[in-house]
>>> print(open('coords_39.txt').read())   # compact mmCIF, C-alpha atoms
# COMPACT_ATOMS: atom_id res chain seq x y z
CA MET Z 1 8.89 153.03 -98.34
CA THR Z 2 8.90 150.65 -101.29
CA LEU Z 3 11.05 147.51 -101.07
CA PRO Z 4 12.62 145.88 -104.11
CA ARG Z 5 10.73 142.88 -105.46
CA THR Z 6 13.42 140.36 -104.41
CA THR Z 7 13.39 141.69 -100.84
CA LYS Z 8 9.60 141.29 -100.70
CA MET Z 9 9.89 137.69 -101.94
CA VAL Z 10 12.57 136.83 -99.38
CA LEU Z 11 10.58 138.36 -96.53
CA SER Z 12 7.40 136.57 -97.64
CA GLY Z 13 9.26 133.25 -97.82
CA ALA Z 14 10.77 133.78 -94.37
CA ALA Z 15 7.37 134.62 -92.90
CA ALA Z 16 5.80 131.53 -94.47
CA THR Z 17 8.61 129.36 -93.14
CA MET Z 18 8.13 130.73 -89.60
CA VAL Z 19 4.39 130.04 -89.74
CA LEU Z 20 4.97 126.45 -90.87
CA LEU Z 21 7.68 125.83 -88.27
CA THR Z 22 5.52 127.24 -85.51
CA ALA Z 23 2.60 125.03 -86.53
CA ALA Z 24 4.77 121.92 -86.87
CA CYS Z 25 6.68 122.40 -83.62
CA GLY Z 26 3.78 123.54 -81.46
CA GLY Z 27 3.53 120.08 -79.93
CA GLU Z 28 0.57 120.75 -77.68
CA SER Z 29 -1.58 123.57 -79.00
CA GLY Z 30 -1.50 126.93 -80.67
CA ASP Z 31 -2.43 128.58 -77.39
CA SER Z 32 0.62 128.63 -75.19
CA GLY Z 33 -0.47 131.55 -73.04
CA SER Z 34 0.58 131.15 -69.45
CA GLY Z 35 -2.12 130.93 -66.86
CA SER Z 36 -5.00 130.08 -69.16
CA SER Z 37 -7.20 127.23 -68.07
CA SER Z 38 -10.40 125.57 -69.02
CA GLN Z 39 -12.33 122.86 -67.26
CA SER Z 40 -15.66 121.34 -68.17
CA THR Z 41 -17.45 119.86 -65.19
CA SER Z 42 -20.39 118.37 -67.04
CA ASP Z 43 -19.56 114.86 -68.18
CA ALA Z 44 -16.66 113.24 -66.31
CA GLY Z 45 -14.72 112.12 -69.34
CA GLY Z 46 -17.74 111.18 -71.41
CA ALA Z 47 -19.22 108.52 -69.11
CA PRO Z 48 -23.01 108.74 -68.62
CA ALA Z 49 -23.82 110.11 -65.16
CA GLU Z 50 -25.88 107.04 -64.23
CA ASP Z 51 -22.82 104.80 -64.82
CA LEU Z 52 -20.56 106.73 -62.43
CA PRO Z 53 -19.97 105.58 -58.85
CA THR Z 54 -21.37 107.82 -56.13
CA THR Z 55 -19.21 106.73 -53.19
CA PHE Z 56 -15.50 106.11 -53.02
CA ALA Z 57 -12.99 104.51 -50.70
CA PRO Z 58 -11.17 107.54 -49.30
CA GLY Z 59 -7.43 107.60 -49.80
CA ASP Z 60 -4.55 108.18 -52.16
CA TYR Z 61 -4.65 106.86 -55.73
CA ALA Z 62 -2.25 106.93 -58.66
CA ALA Z 63 -2.49 106.13 -62.36
CA GLU Z 64 -0.62 106.87 -65.56
CA GLY Z 65 -2.48 108.35 -68.50
CA SER Z 66 -1.27 108.33 -72.10
CA TYR Z 67 -2.05 110.64 -75.00
CA GLN Z 68 -0.90 111.23 -78.57
CA THR Z 69 1.04 114.31 -79.68
CA PRO Z 70 2.52 115.25 -83.06
CA GLY Z 71 5.85 114.12 -81.56
CA GLY Z 72 4.56 110.69 -80.49
CA GLN Z 73 2.94 108.94 -77.54
CA GLN Z 74 3.36 110.71 -74.18
CA SER Z 75 2.17 110.00 -70.65
CA VAL Z 76 1.76 111.66 -67.26
CA GLU Z 77 1.63 110.18 -63.77
CA VAL Z 78 -1.34 111.43 -61.73
CA GLU Z 79 -1.81 111.09 -57.98
CA VAL Z 80 -4.96 112.25 -56.18
CA THR Z 81 -6.34 112.11 -52.67
CA LEU Z 82 -10.09 111.48 -52.52
CA GLU Z 83 -12.74 111.83 -49.83
CA GLU Z 84 -15.66 109.38 -49.57
CA ASP Z 85 -17.93 111.61 -51.67
CA GLY Z 86 -15.30 111.82 -54.43
CA THR Z 87 -13.98 115.29 -53.59
CA ILE Z 88 -10.36 115.74 -54.64
CA THR Z 89 -8.36 117.15 -51.73
CA ALA Z 90 -4.90 116.93 -53.31
CA VAL Z 91 -3.44 116.30 -56.76
CA SER Z 92 0.02 115.83 -58.17
CA VAL Z 93 1.01 115.39 -61.82
CA THR Z 94 4.48 114.11 -62.65
CA PRO Z 95 5.62 114.81 -66.22
CA GLN Z 96 6.89 111.73 -68.08
CA ALA Z 97 7.91 113.43 -71.36
CA ASP Z 98 11.38 112.88 -72.80
CA GLY Z 99 11.95 116.55 -73.56
CA GLY Z 100 10.99 119.22 -76.06
CA ASN Z 101 7.58 120.80 -76.22
CA SER Z 102 5.82 117.94 -74.46
CA GLU Z 103 8.03 118.32 -71.40
CA GLN Z 104 7.43 122.06 -71.37
CA PHE Z 105 3.64 121.68 -71.65
CA GLN Z 106 3.48 118.86 -69.10
CA THR Z 107 5.47 120.95 -66.62
CA LYS Z 108 3.10 123.92 -67.08
CA PHE Z 109 0.10 121.61 -66.73
CA ALA Z 110 1.52 120.04 -63.56
CA GLY Z 111 2.13 123.46 -62.06
CA GLY Z 112 -1.42 124.69 -62.66
CA ILE Z 113 -3.70 121.69 -62.20
CA ALA Z 114 -4.09 121.81 -58.40
CA ASP Z 115 -5.55 125.31 -58.52
CA GLU Z 116 -8.14 124.08 -61.00
CA ILE Z 117 -9.41 120.86 -59.46
CA VAL Z 118 -8.77 120.65 -55.70
CA GLY Z 119 -12.21 120.81 -54.08
CA THR Z 120 -13.94 119.40 -57.19
CA LYS Z 121 -15.69 116.03 -57.19
CA ILE Z 122 -14.02 113.45 -59.41
CA ASN Z 123 -17.34 112.74 -61.20
CA ASP Z 124 -17.58 116.41 -62.20
CA LEU Z 125 -14.09 116.52 -63.66
CA ASN Z 126 -13.15 116.75 -67.34
CA VAL Z 127 -10.15 119.01 -67.78
CA SER Z 128 -9.64 120.39 -71.28
CA LYS Z 129 -6.69 122.79 -70.89
CA VAL Z 130 -4.41 124.06 -68.14
CA SER Z 131 -1.72 126.73 -68.58
CA GLY Z 132 -1.89 126.53 -72.37
CA SER Z 133 -1.54 122.76 -72.51
CA SER Z 134 -4.46 121.11 -74.26
CA LEU Z 135 -3.10 117.65 -75.14
CA THR Z 136 -1.71 116.83 -71.69
CA SER Z 137 -5.27 116.96 -70.39
CA GLY Z 138 -6.06 113.85 -72.46
CA GLY Z 139 -3.53 111.82 -70.48
CA PHE Z 140 -4.69 113.43 -67.25
CA ASN Z 141 -8.34 112.58 -67.94
CA ALA Z 142 -7.41 108.97 -68.82
CA ALA Z 143 -5.60 108.64 -65.48
CA ILE Z 144 -8.57 110.19 -63.64
CA ASP Z 145 -10.93 107.65 -65.27
CA GLU Z 146 -8.70 104.81 -64.03
CA ILE Z 147 -8.51 106.33 -60.54
CA ARG Z 148 -12.30 106.76 -60.47
CA ASP Z 149 -12.73 103.06 -61.26
CA ASP Z 150 -10.12 102.00 -58.68
CA ALA Z 151 -11.61 104.16 -55.92
CA ALA Z 152 -15.27 103.22 -56.44
CA ALA Z 153 -16.64 101.78 -53.19
>>> encode(input="coords_39.txt", output="structure tokens")
Amino acid sequence: MTLPRTTKMVLSGAAATMVLLTAACGGESGDSGSGSSSQSTSDAGGAPAEDLPTTFAPGDYAAEGSYQTPGGQQSVEVEVTLEEDGTITAVSVTPQADGGNSEQFQTKFAGGIADEIVGTKINDLNVSKVSGSSLTSGGFNAAIDEIRDDAAA
């Protein structure tokens, strides 16, 4: 079937507009697939291994981590329970976003993070993406770095 030239131009313009809107409104990342996750356990947020503490005061710790999105500065509240060897036994992430895509991505991240990191040592942790949210992990990792420093024995 052959479409008239004006119809082709309108459809092409509409398709281009959708692509641009999707890219501009994505907020977190182009991958919004539910259930996807990625965690690197090699460098604990970029700190050299010899600079990381090896023992921790067991207990509950909390910190807020910030990160930049296309929509502005965002943050998440992170709470973890640590054992003396730095093993994370519980984690909770509380979204702090004002709404929109950031709130959606933070909520997905918060719902999937425990499955990814409980049982992992804090020194081995560097989360890159959880449940399609790649930018929220920046705030999460910043909070984890602060918690690591606070819990060092």
>>> atom_distance(input="coords_39.txt", atom1="CA of Gly111 in chain Z", atom2="CA of Leu82 in chain Z")
19.6 Å
>>> residues_around(input="coords_39.txt", residues="Lys108 in chain Z", least_positions_apart="3", cutoff="10 Å", atoms="only C-alpha atoms", output="PyMOL selection string")
chain Z and resi 32+34-35+95+102-105+111-113+130-133+136
>>> closest_residue(input="coords_39.txt", among="Z:Ser75, Z:Gly99, Z:Ala57, Z:Ala63", to="Asp145 in chain Z", atoms="only C-alpha atoms")
Z:Ala63
>>> closest_residue(input="coords_39.txt", among="Z:Thr55, Z:Thr107, Z:Ser137, Z:Asn101", to="Glu84 in chain Z", atoms="only C-alpha atoms")
Z:Thr55
>>> atom_distance(input="coords_39.txt", atom1="CA of Leu125 in chain Z", atom2="CA of Ile88 in chain Z")
9.8 Å
>>> atom_distance(input="coords_39.txt", atom1="CA of Asp149 in chain Z", atom2="CA of Asp124 in chain Z")
14.2 Å
